[in-house]
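Structure file structure-v8.cif; described as mmCIF, N, CA and C atoms.
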```
data_entry
#
loop_
_atom_site.label_atom_id
_atom_site.label_comp_id
_atom_site.auth_asym_id
_atom_site.auth_seq_id
_atom_site.Cartn_x
_atom_site.Cartn_y
_atom_site.Cartn_z
N MET E 1 35.31 58.74 -26.57
CA MET E 1 36.45 57.90 -26.31
C MET E 1 36.07 56.76 -25.36
N ASP E 2 34.83 56.68 -24.94
CA ASP E 2 34.42 55.58 -24.08
C ASP E 2 34.56 54.26 -24.81
N GLN E 3 34.90 53.22 -24.09
CA GLN E 3 35.03 51.86 -24.62
C GLN E 3 36.09 51.75 -25.70
N ALA E 4 37.00 52.70 -25.77
CA ALA E 4 38.08 52.61 -26.74
C ALA E 4 39.20 51.77 -26.17
N LEU E 5 40.03 51.30 -27.05
CA LEU E 5 41.23 50.59 -26.64
C LEU E 5 42.24 51.62 -26.18
N HIS E 6 42.76 51.47 -24.98
CA HIS E 6 43.70 52.43 -24.43
C HIS E 6 45.11 51.87 -24.47
N MET E 7 46.05 52.74 -24.71
CA MET E 7 47.43 52.32 -24.84
C MET E 7 48.28 53.05 -23.81
N LEU E 8 49.19 52.31 -23.20
CA LEU E 8 50.18 52.87 -22.31
C LEU E 8 51.52 52.73 -23.00
N MET E 9 52.14 53.86 -23.35
CA MET E 9 53.43 53.84 -24.03
C MET E 9 54.51 54.15 -23.01
N ILE E 10 55.44 53.24 -22.85
CA ILE E 10 56.45 53.37 -21.81
C ILE E 10 57.82 53.51 -22.45
N PRO E 11 58.50 54.64 -22.18
CA PRO E 11 59.85 54.79 -22.71
C PRO E 11 60.80 53.88 -21.97
N ALA E 12 61.60 53.14 -22.70
CA ALA E 12 62.46 52.14 -22.07
C ALA E 12 63.88 52.27 -22.57
N GLY E 13 64.82 51.99 -21.69
CA GLY E 13 66.23 51.99 -22.06
C GLY E 13 66.67 50.66 -22.60
N ASP E 14 66.24 49.56 -21.97
CA ASP E 14 66.66 48.22 -22.38
C ASP E 14 65.43 47.38 -22.72
N ILE E 15 64.96 47.52 -23.96
CA ILE E 15 63.74 46.85 -24.38
C ILE E 15 63.92 45.33 -24.40
N ALA E 16 65.10 44.85 -24.79
CA ALA E 16 65.34 43.41 -24.83
C ALA E 16 65.16 42.80 -23.45
N ALA E 17 65.66 43.47 -22.41
CA ALA E 17 65.51 42.96 -21.04
C ALA E 17 64.05 42.98 -20.61
N LEU E 18 63.32 44.04 -20.97
CA LEU E 18 61.90 44.11 -20.62
C LEU E 18 61.10 43.04 -21.34
N ARG E 19 61.45 42.80 -22.61
CA ARG E 19 60.77 41.75 -23.37
C ARG E 19 60.96 40.38 -22.70
N ARG E 20 62.19 40.09 -22.31
CA ARG E 20 62.46 38.82 -21.62
C ARG E 20 61.68 38.73 -20.31
N PHE E 21 61.65 39.83 -19.57
CA PHE E 21 60.97 39.84 -18.28
C PHE E 21 59.48 39.53 -18.43
N TYR E 22 58.81 40.25 -19.34
CA TYR E 22 57.36 40.09 -19.48
C TYR E 22 56.97 38.84 -20.25
N LEU E 23 57.63 38.59 -21.37
CA LEU E 23 57.22 37.48 -22.22
C LEU E 23 57.73 36.14 -21.70
N GLU E 24 58.99 36.09 -21.29
CA GLU E 24 59.55 34.83 -20.81
C GLU E 24 59.36 34.67 -19.31
N GLY E 25 59.68 35.72 -18.55
CA GLY E 25 59.59 35.63 -17.10
C GLY E 25 58.17 35.53 -16.58
N LEU E 26 57.28 36.40 -17.06
CA LEU E 26 55.90 36.40 -16.59
C LEU E 26 54.96 35.61 -17.49
N GLY E 27 55.43 35.24 -18.68
CA GLY E 27 54.60 34.47 -19.59
C GLY E 27 53.48 35.26 -20.25
N TRP E 28 53.59 36.59 -20.30
CA TRP E 28 52.58 37.39 -20.97
C TRP E 28 52.69 37.17 -22.47
N SER E 29 51.62 37.49 -23.19
CA SER E 29 51.59 37.25 -24.63
C SER E 29 51.86 38.54 -25.40
N PRO E 30 52.65 38.43 -26.47
CA PRO E 30 52.83 39.61 -27.33
C PRO E 30 51.53 39.90 -28.07
N TRP E 31 51.37 41.12 -28.54
CA TRP E 31 50.14 41.52 -29.23
C TRP E 31 50.46 42.59 -30.24
N GLY E 32 49.82 42.52 -31.38
CA GLY E 32 49.93 43.59 -32.37
C GLY E 32 51.21 43.56 -33.17
N PRO E 33 51.38 44.61 -33.96
CA PRO E 33 52.56 44.68 -34.83
C PRO E 33 53.78 45.12 -34.04
N ASN E 34 54.66 44.19 -33.73
CA ASN E 34 55.87 44.55 -33.01
C ASN E 34 56.92 45.02 -34.00
N MET E 35 57.27 46.29 -33.88
CA MET E 35 58.25 46.88 -34.78
C MET E 35 59.64 46.70 -34.19
N PRO E 36 60.66 46.76 -35.01
CA PRO E 36 62.01 46.62 -34.48
C PRO E 36 62.28 47.62 -33.36
N GLY E 37 62.85 47.13 -32.27
CA GLY E 37 63.18 48.01 -31.16
C GLY E 37 62.03 48.32 -30.24
N SER E 38 60.88 47.67 -30.42
CA SER E 38 59.75 47.89 -29.52
C SER E 38 58.98 46.59 -29.36
N PHE E 39 58.11 46.52 -28.37
CA PHE E 39 57.19 45.39 -28.30
C PHE E 39 55.92 45.81 -27.60
N MET E 40 54.85 45.04 -27.87
CA MET E 40 53.50 45.40 -27.48
C MET E 40 52.83 44.19 -26.83
N MET E 41 52.08 44.44 -25.75
CA MET E 41 51.29 43.41 -25.08
C MET E 41 49.89 43.98 -24.85
N ARG E 42 48.92 43.08 -24.63
CA ARG E 42 47.56 43.54 -24.36
C ARG E 42 47.02 42.84 -23.12
N ALA E 43 46.33 43.62 -22.29
CA ALA E 43 45.62 43.08 -21.13
C ALA E 43 44.24 43.72 -21.12
N GLY E 44 43.23 42.96 -21.51
CA GLY E 44 41.87 43.50 -21.60
C GLY E 44 41.82 44.60 -22.64
N THR E 45 41.37 45.80 -22.24
CA THR E 45 41.30 46.93 -23.17
C THR E 45 42.54 47.80 -23.10
N LEU E 46 43.56 47.35 -22.35
CA LEU E 46 44.79 48.12 -22.23
C LEU E 46 45.88 47.48 -23.06
N VAL E 47 46.51 48.29 -23.89
CA VAL E 47 47.67 47.85 -24.66
C VAL E 47 48.89 48.52 -24.06
N ILE E 48 49.92 47.75 -23.79
CA ILE E 48 51.16 48.28 -23.23
C ILE E 48 52.23 48.18 -24.30
N VAL E 49 52.85 49.30 -24.63
CA VAL E 49 53.88 49.34 -25.66
C VAL E 49 55.16 49.88 -25.05
N PHE E 50 56.24 49.15 -25.21
CA PHE E 50 57.55 49.61 -24.79
C PHE E 50 58.29 50.11 -26.03
N VAL E 51 58.71 51.35 -25.99
CA VAL E 51 59.41 51.96 -27.13
C VAL E 51 60.67 52.64 -26.62
N PRO E 52 61.68 52.80 -27.48
CA PRO E 52 62.89 53.48 -27.04
C PRO E 52 62.59 54.90 -26.57
N ARG E 53 63.20 55.30 -25.47
CA ARG E 53 62.97 56.62 -24.89
C ARG E 53 63.20 57.73 -25.92
N ASP E 54 64.32 57.65 -26.67
CA ASP E 54 64.63 58.71 -27.64
C ASP E 54 63.57 58.79 -28.73
N TYR E 55 63.10 57.63 -29.21
CA TYR E 55 62.09 57.61 -30.25
C TYR E 55 60.79 58.24 -29.74
N LEU E 56 60.37 57.85 -28.55
CA LEU E 56 59.11 58.37 -28.02
C LEU E 56 59.19 59.88 -27.79
N ALA E 57 60.31 60.34 -27.28
CA ALA E 57 60.47 61.78 -27.06
C ALA E 57 60.42 62.54 -28.39
N ALA E 58 61.10 62.01 -29.41
CA ALA E 58 61.13 62.68 -30.71
C ALA E 58 59.76 62.63 -31.38
N GLU E 59 59.08 61.49 -31.29
CA GLU E 59 57.79 61.32 -31.97
C GLU E 59 56.70 62.15 -31.31
N SER E 60 56.69 62.19 -29.99
CA SER E 60 55.60 62.85 -29.28
C SER E 60 55.85 64.34 -29.05
N GLY E 61 57.12 64.75 -29.10
CA GLY E 61 57.44 66.14 -28.81
C GLY E 61 57.45 66.45 -27.33
N LEU E 62 57.28 65.42 -26.49
CA LEU E 62 57.25 65.63 -25.04
C LEU E 62 58.64 65.49 -24.45
N ASP E 63 58.90 66.27 -23.41
CA ASP E 63 60.15 66.14 -22.68
C ASP E 63 59.96 65.02 -21.66
N LEU E 64 60.55 63.86 -21.95
CA LEU E 64 60.35 62.71 -21.07
C LEU E 64 61.31 62.72 -19.89
N GLY E 65 62.33 63.57 -19.93
CA GLY E 65 63.24 63.68 -18.81
C GLY E 65 63.99 62.38 -18.56
N GLU E 66 64.61 62.31 -17.43
CA GLU E 66 65.39 61.13 -17.07
C GLU E 66 64.53 60.03 -16.48
N ARG E 67 63.45 60.39 -15.81
CA ARG E 67 62.64 59.35 -15.20
C ARG E 67 61.63 58.82 -16.22
N SER E 68 61.23 57.60 -16.00
CA SER E 68 60.28 56.97 -16.92
C SER E 68 58.92 57.63 -16.77
N ARG E 69 58.28 57.92 -17.90
CA ARG E 69 56.95 58.50 -17.88
C ARG E 69 56.12 57.81 -18.95
N ALA E 70 54.91 57.48 -18.62
CA ALA E 70 54.03 56.82 -19.58
C ALA E 70 53.30 57.86 -20.42
N LEU E 71 53.01 57.51 -21.66
CA LEU E 71 52.24 58.35 -22.55
C LEU E 71 50.94 57.62 -22.86
N ASN E 72 49.82 58.27 -22.64
CA ASN E 72 48.52 57.66 -22.90
C ASN E 72 48.17 57.77 -24.37
N ALA E 73 47.54 56.75 -24.91
CA ALA E 73 47.05 56.81 -26.28
C ALA E 73 45.64 56.27 -26.32
N VAL E 74 44.81 56.88 -27.14
CA VAL E 74 43.42 56.44 -27.29
C VAL E 74 43.15 56.20 -28.76
N PHE E 75 42.73 54.98 -29.08
CA PHE E 75 42.33 54.66 -30.45
C PHE E 75 40.90 55.16 -30.67
N VAL E 76 40.66 55.77 -31.81
CA VAL E 76 39.33 56.26 -32.15
C VAL E 76 38.83 55.52 -33.39
N PRO E 77 37.50 55.36 -33.51
CA PRO E 77 36.96 54.48 -34.55
C PRO E 77 37.03 55.01 -35.98
N GLU E 78 37.03 56.32 -36.17
CA GLU E 78 37.05 56.89 -37.51
C GLU E 78 38.22 57.86 -37.64
N LYS E 79 38.79 57.92 -38.83
CA LYS E 79 39.95 58.80 -39.05
C LYS E 79 39.63 60.25 -38.72
N ALA E 80 38.43 60.70 -39.11
CA ALA E 80 38.05 62.09 -38.83
C ALA E 80 37.94 62.37 -37.33
N ASP E 81 37.72 61.30 -36.53
CA ASP E 81 37.62 61.47 -35.08
C ASP E 81 38.93 61.96 -34.48
N VAL E 82 40.07 61.61 -35.10
CA VAL E 82 41.36 62.09 -34.60
C VAL E 82 41.38 63.61 -34.65
N ASP E 83 41.00 64.17 -35.79
CA ASP E 83 40.98 65.63 -35.95
C ASP E 83 39.98 66.27 -34.98
N ALA E 84 38.79 65.67 -34.88
CA ALA E 84 37.76 66.24 -34.01
C ALA E 84 38.18 66.21 -32.55
N GLN E 85 38.76 65.08 -32.11
CA GLN E 85 39.21 64.99 -30.72
C GLN E 85 40.34 65.97 -30.45
N MET E 86 41.24 66.13 -31.41
CA MET E 86 42.34 67.08 -31.23
C MET E 86 41.79 68.50 -31.12
N ASP E 87 40.84 68.85 -31.97
CA ASP E 87 40.23 70.18 -31.90
C ASP E 87 39.61 70.42 -30.53
N ARG E 88 38.90 69.40 -30.00
CA ARG E 88 38.29 69.54 -28.68
C ARG E 88 39.35 69.70 -27.60
N ALA E 89 40.45 68.93 -27.71
CA ALA E 89 41.52 69.01 -26.72
C ALA E 89 42.15 70.41 -26.71
N ILE E 90 42.39 70.95 -27.91
CA ILE E 90 42.97 72.30 -28.01
C ILE E 90 42.02 73.34 -27.41
N ALA E 91 40.73 73.19 -27.73
CA ALA E 91 39.74 74.13 -27.19
C ALA E 91 39.68 74.06 -25.67
N ALA E 92 40.02 72.89 -25.10
CA ALA E 92 39.99 72.72 -23.65
C ALA E 92 41.30 73.12 -22.99
N GLY E 93 42.29 73.57 -23.79
CA GLY E 93 43.54 74.06 -23.21
C GLY E 93 44.75 73.18 -23.43
N ALA E 94 44.63 72.14 -24.26
CA ALA E 94 45.77 71.27 -24.53
C ALA E 94 46.75 71.96 -25.48
N LYS E 95 48.00 71.52 -25.42
CA LYS E 95 49.05 72.03 -26.31
C LYS E 95 49.47 70.91 -27.26
N VAL E 96 49.42 71.16 -28.55
CA VAL E 96 49.87 70.18 -29.53
C VAL E 96 51.38 70.02 -29.41
N THR E 97 51.83 68.77 -29.25
CA THR E 97 53.27 68.53 -29.18
C THR E 97 53.80 67.91 -30.47
N SER E 98 52.95 67.24 -31.22
CA SER E 98 53.31 66.71 -32.53
C SER E 98 52.04 66.68 -33.36
N PRO E 99 52.00 67.39 -34.49
CA PRO E 99 50.74 67.53 -35.24
C PRO E 99 50.24 66.21 -35.80
N ILE E 100 48.97 66.20 -36.11
CA ILE E 100 48.35 65.01 -36.70
C ILE E 100 48.95 64.75 -38.07
N ARG E 101 49.29 63.50 -38.31
CA ARG E 101 49.82 63.12 -39.63
C ARG E 101 49.76 61.61 -39.79
N ASP E 102 49.96 61.16 -41.00
CA ASP E 102 50.08 59.73 -41.26
C ASP E 102 51.45 59.28 -40.77
N ARG E 103 51.48 58.18 -40.03
CA ARG E 103 52.72 57.71 -39.42
C ARG E 103 53.01 56.28 -39.85
N ASP E 104 54.11 55.77 -39.38
CA ASP E 104 54.50 54.40 -39.72
C ASP E 104 53.40 53.41 -39.37
N GLY E 105 53.31 52.35 -40.13
CA GLY E 105 52.34 51.29 -39.85
C GLY E 105 50.92 51.65 -40.21
N GLY E 106 50.70 52.72 -40.99
CA GLY E 106 49.35 53.09 -41.40
C GLY E 106 48.58 53.86 -40.34
N LEU E 107 49.23 54.23 -39.24
CA LEU E 107 48.54 54.98 -38.20
C LEU E 107 48.35 56.44 -38.61
N TYR E 108 47.25 57.02 -38.18
CA TYR E 108 46.98 58.44 -38.35
C TYR E 108 46.82 58.98 -36.94
N SER E 109 47.73 59.83 -36.51
CA SER E 109 47.68 60.24 -35.12
C SER E 109 48.34 61.59 -34.89
N GLY E 110 48.06 62.13 -33.73
CA GLY E 110 48.68 63.36 -33.27
C GLY E 110 48.84 63.30 -31.76
N TYR E 111 49.78 64.08 -31.25
CA TYR E 111 50.08 64.08 -29.82
C TYR E 111 49.77 65.45 -29.23
N PHE E 112 49.33 65.44 -27.97
CA PHE E 112 49.17 66.69 -27.25
C PHE E 112 49.47 66.49 -25.77
N ALA E 113 49.73 67.60 -25.09
CA ALA E 113 49.90 67.59 -23.65
C ALA E 113 48.72 68.34 -23.05
N ASP E 114 48.10 67.74 -22.04
CA ASP E 114 46.96 68.40 -21.41
C ASP E 114 47.48 69.51 -20.48
N PRO E 115 46.57 70.32 -19.92
CA PRO E 115 47.02 71.45 -19.10
C PRO E 115 47.89 71.04 -17.90
N GLU E 116 47.81 69.78 -17.46
CA GLU E 116 48.63 69.33 -16.35
C GLU E 116 49.93 68.68 -16.82
N GLY E 117 50.16 68.66 -18.15
CA GLY E 117 51.41 68.13 -18.67
C GLY E 117 51.39 66.66 -19.00
N ASN E 118 50.25 65.98 -18.88
CA ASN E 118 50.16 64.58 -19.27
C ASN E 118 50.21 64.46 -20.79
N GLY E 119 50.85 63.42 -21.31
CA GLY E 119 50.95 63.22 -22.74
C GLY E 119 49.87 62.31 -23.26
N TRP E 120 49.32 62.64 -24.43
CA TRP E 120 48.26 61.86 -25.06
C TRP E 120 48.54 61.71 -26.55
N GLU E 121 48.20 60.55 -27.09
CA GLU E 121 48.19 60.35 -28.54
C GLU E 121 46.79 59.94 -28.93
N LEU E 122 46.24 60.58 -29.93
CA LEU E 122 44.96 60.17 -30.53
C LEU E 122 45.30 59.39 -31.79
N VAL E 123 44.75 58.17 -31.91
CA VAL E 123 45.18 57.25 -32.96
C VAL E 123 44.00 56.67 -33.71
N TRP E 124 44.11 56.65 -35.04
CA TRP E 124 43.23 55.84 -35.88
C TRP E 124 44.11 54.92 -36.70
N SER E 125 43.66 53.70 -36.86
CA SER E 125 44.39 52.73 -37.68
C SER E 125 43.41 52.01 -38.59
N PRO E 126 43.80 51.76 -39.84
CA PRO E 126 42.90 51.00 -40.73
C PRO E 126 42.71 49.57 -40.24
N ALA E 127 43.57 49.11 -39.32
CA ALA E 127 43.43 47.75 -38.79
C ALA E 127 42.44 47.68 -37.62
N MET E 128 41.93 48.84 -37.16
CA MET E 128 40.99 48.84 -36.05
C MET E 128 39.57 48.71 -36.58
N ARG E 129 38.77 47.92 -35.87
CA ARG E 129 37.36 47.80 -36.23
C ARG E 129 36.55 47.65 -34.95
N PRO E 130 35.27 48.03 -34.96
CA PRO E 130 34.46 47.87 -33.75
C PRO E 130 34.28 46.40 -33.41
N GLY E 131 34.37 46.07 -32.13
CA GLY E 131 34.11 44.71 -31.66
C GLY E 131 32.66 44.55 -31.24
N ALA E 132 32.29 43.33 -30.89
CA ALA E 132 30.91 43.04 -30.52
C ALA E 132 30.49 43.82 -29.27
N ASP E 133 31.44 44.14 -28.39
CA ASP E 133 31.11 44.85 -27.16
C ASP E 133 31.17 46.36 -27.32
N GLY E 134 31.37 46.84 -28.55
CA GLY E 134 31.44 48.26 -28.80
C GLY E 134 32.85 48.81 -28.70
N GLY E 135 33.77 48.01 -28.19
CA GLY E 135 35.15 48.44 -28.14
C GLY E 135 35.82 48.26 -29.49
N LEU E 136 37.04 48.69 -29.59
CA LEU E 136 37.78 48.55 -30.84
C LEU E 136 38.69 47.34 -30.77
N VAL E 137 38.80 46.65 -31.89
CA VAL E 137 39.60 45.46 -31.98
C VAL E 137 40.63 45.66 -33.09
N LEU E 138 41.88 45.29 -32.81
CA LEU E 138 42.91 45.38 -33.84
C LEU E 138 42.85 44.12 -34.68
N SER E 139 42.56 44.27 -35.95
CA SER E 139 42.40 43.13 -36.87
C SER E 139 43.59 43.11 -37.82
N LEU E 140 44.55 42.25 -37.53
CA LEU E 140 45.77 42.18 -38.33
C LEU E 140 45.84 40.87 -39.09
N PRO E 141 46.49 40.88 -40.23
CA PRO E 141 46.70 39.61 -40.93
C PRO E 141 47.60 38.73 -40.08
N PRO E 142 47.49 37.41 -40.21
CA PRO E 142 48.34 36.53 -39.41
C PRO E 142 49.81 36.76 -39.72
N SER E 143 50.62 36.60 -38.67
CA SER E 143 52.07 36.72 -38.85
C SER E 143 52.59 35.54 -39.66
N PRO E 144 53.66 35.72 -40.43
CA PRO E 144 54.22 34.59 -41.15
C PRO E 144 54.63 33.49 -40.18
N GLY E 145 54.28 32.28 -40.49
CA GLY E 145 54.62 31.13 -39.65
C GLY E 145 53.69 30.91 -38.49
N SER E 146 52.57 31.70 -38.40
CA SER E 146 51.66 31.47 -37.27
C SER E 146 50.51 30.59 -37.67
#
```
As structure tokens - that is how I would like this structure written.
Amino acid sequence: MDQALHMLMIPAGDIAALRRFYLEGLGWSPWGPNMPGSFMMRAGTLVIVFVPRDYLAAESGLDLGERSRALNAVFVPEKADVDAQMDRAIAAGAKVTSPIRDRDGGLYSGYFADPEGNGWELVWSPAMRPGADGGLVLSLPPSPGS
């Protein structure tokens, strides 16, 4: 998982307000496939995704509670790596919270909680490819009108 693109998934109550704050207020740039009700930004090798709290809780199987909690995600270079990483996590004491499966947007991923209760998603996407620095790069077709 070294040099992988890391994702911080933040459950949010008012995504429209957060979008205005980051994109308009701070001038940050959107990144990646923004799905309805969520938005994504990138800073270096960190991707920050704001998603509805209810959606993230249901998708990940984690109890997010009332306070905001981030969910870590790691993109892996090969689809089989998702299964292999999950097997290693389970062997190390992790608990599967949502099994590996094909998900919206072509993602193949699964969620687990580590022994300390931190949430993780292992992700492979057909849009990911190795970059020149060995990291993963999201290669998407241009948006309409861009």
Exercise. Expand the PyMOL selection byres (((chain E and resi 100-112 and name CA) around 6) and name CA) into the individual residues it matches in the shown file, reporting them as number ranges by chain.
Key: E: 60, 95-99, 113, 119-125
Practice problem: Identify all residues satisfying the PyMOL selection byres ((chain E and resi 10) around 5) in the given file; provide them as a PyMOL selection string. | Solution: chain E and resi 8-9+11-12+49-51+70
Self-check item: Residues flagged alpha helix (DSSP H) by DSSP in stretch 65-98 of chain E, as a PyMOL selection string
Solution: chain E and resi 79-91
Quiz item: So which one's closest to E:Pro30, E:Arg42, E:Arg88, E:Pro115, E:Leu71? Using all atoms listed in the file, please.
Solution: E:Arg42
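Of the residues under consideration (E:Leu26, E:Met7, E:Val82, E:Ala57), E:Met7 shows the shortest atom-to-atom contact distance to E:Thr45 when counting only N, CA and C atoms.
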Self-check item: One-decimal distance in Å that lies between atom N of E:Val74 and atom C of E:Ser38
Solution: 17.7 Å
Contacts of E:Arg20 within 12 Å, only C-alpha atoms, excl. fewer than 6 positions in-chain, as a short mmCIF file (atom, residue, chain, number, x, y, z; two decimals) with N, CA and C atoms, in the coordinates of the input:
```cif
data_model
loop_
_atom_site.label_atom_id
_atom_site.label_comp_id
_atom_site.auth_asym_id
_atom_site.auth_seq_id
_atom_site.Cartn_x
_atom_site.Cartn_y
_atom_site.Cartn_z
N ASP E 14 66.24 49.56 -21.97
CA ASP E 14 66.66 48.22 -22.38
C ASP E 14 65.43 47.38 -22.72
N LEU E 26 57.28 36.40 -17.06
CA LEU E 26 55.90 36.40 -16.59
C LEU E 26 54.96 35.61 -17.49
N GLY E 27 55.43 35.24 -18.68
CA GLY E 27 54.60 34.47 -19.59
C GLY E 27 53.48 35.26 -20.25
N TRP E 28 53.59 36.59 -20.30
CA TRP E 28 52.58 37.39 -20.97
C TRP E 28 52.69 37.17 -22.47
N SER E 29 51.62 37.49 -23.19
CA SER E 29 51.59 37.25 -24.63
C SER E 29 51.86 38.54 -25.40
N PRO E 30 52.65 38.43 -26.47
CA PRO E 30 52.83 39.61 -27.33
C PRO E 30 51.53 39.90 -28.07
N PHE E 39 58.11 46.52 -28.37
CA PHE E 39 57.19 45.39 -28.30
C PHE E 39 55.92 45.81 -27.60
#
```
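Of note, atom N of E:Glu78 and atom N of E:Met128 are spaced 9.0 Å apart.
Between atom CA of E:Met41 and atom CA of E:Lys79 lies a distance of 23.7 Å.
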